[in-house]
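The structure under discussion appears below in the form of structure tokens.
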Amino acid sequence: MANENENETAETDAGPGAAADTGADEAGVLGPVVQRLAGVGGIVGVCLGGSRARGTHTAGSDYDLGLYYRPGQLDTGALREVAAELGGRPVEVTEPGGWGPWVDGGAWLDIGPARVDWIYRDVQRVRHYAAEARHGRYVSGQQPGHPYGVPSYAYVGELALARVLADPDGELAALRGEIGAFPAELTRTLEADAAWEAPFALANARKGARRGDAGYVAGCLFRAVGLLVHALHARAGQWLVNEKGAIASAGRLPCAPPEFERRAQELFAPGGTDPASLAAVLDRAEELAREVLAGAEGTR
């Protein structure tokens, strides 16, 4: 799952310092948790997400558990009882939507030395957005902790990248089968969105730059780079579900322009807030956008 602490893409290779613990350690932490969760009313299945699902974790990484539930049926009272028993003390367990319309809700638990995050996912909502993604459609919502916003296909990517730990009726397995590979129609949509909106955002930023309005320029830059990053991941057929680490992830893609990560990151460290400095930053941003968007022509 995409919590507030890490990014998720389809990257599977462990980085430096990764995978410091073993499968036995994981089973010892998650086994009792998953067994209890699977018996709670309304729970369809439980998935492991984040770095631990990808094998890129460190010993101190959280365990992110996606609790896929049927709307209107989740027994949060039972979840509170389970959380208190596992954590040894009362734990705040939200109702669905308690963390906002897009992150949904859940709980943060300390089980021994391990941090275990429960993150709710409405299985019907995931199924709906999976169907939309296959047709190249998505919506985005604002959510604290997500300055770019949360695209609806993030829910789809979460399940595609997750490891299913409990799925009594096979519903999650069936849904993952429906998701399949990254949808070609969604790739076309994200590339088209970037081709239109990224240059538009940078053109608007020029007006702010002439006034020395560094805050507005920064907002336009962030939006433009975000569009390019999502387009690059789509072109590579990889799910991107969180902003954290997204530029670095895009820079590792074979379809990225040379030195994409360095060039994109440097856009957010301008030499000054005067009009000339801001204009120079936008020159570099427009050059980077042209290179990314030119690549889209070669993939059609």
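Chain labels A, B, ... are given in the sequence in which chains occur in the structure tokens; within each chain residues are numbered consecutively from 1, and ligands are likewise numbered from 1 in the order shown.
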
**Q.** Ala53 (chain A) environment, 8 Å, only C-alpha atoms, sequence neighbours closer than 6 positions dropped, as a PyMOL selection string
**A.** chain A and resi 161-163

Q.
Env of Leu278 (chain A): 9 Å cut, atoms = only C-alpha atoms, seq-sep filter 3 positions within chain, self excluded. Answer as an MDAnalysis selection string.
A. chainID A and resid 205:206 208:210 212:214 217 270:275 281:283

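For the atom pair formed by CA of Val156 (chain A) and CA of Trp239 (chain A), the distance is 8.4 Å, given to one decimal.
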
**Q.** Residue neighbourhood Pro254 (chain A), 12 Å, only C-alpha atoms, exclusion window fewer than 6 positions, as a ChimeraX atom specification
**A.** /A:232-233,235-238,260,292,295

Q) What is the CA of Gly149 (chain A)-CA of Ala59 (chain A) distance in Å, reported with one decimal? A)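 Atom-to-atom, CA of Gly149 (chain A) and CA of Ala59 (chain A) are spaced 29.6 Å apart.
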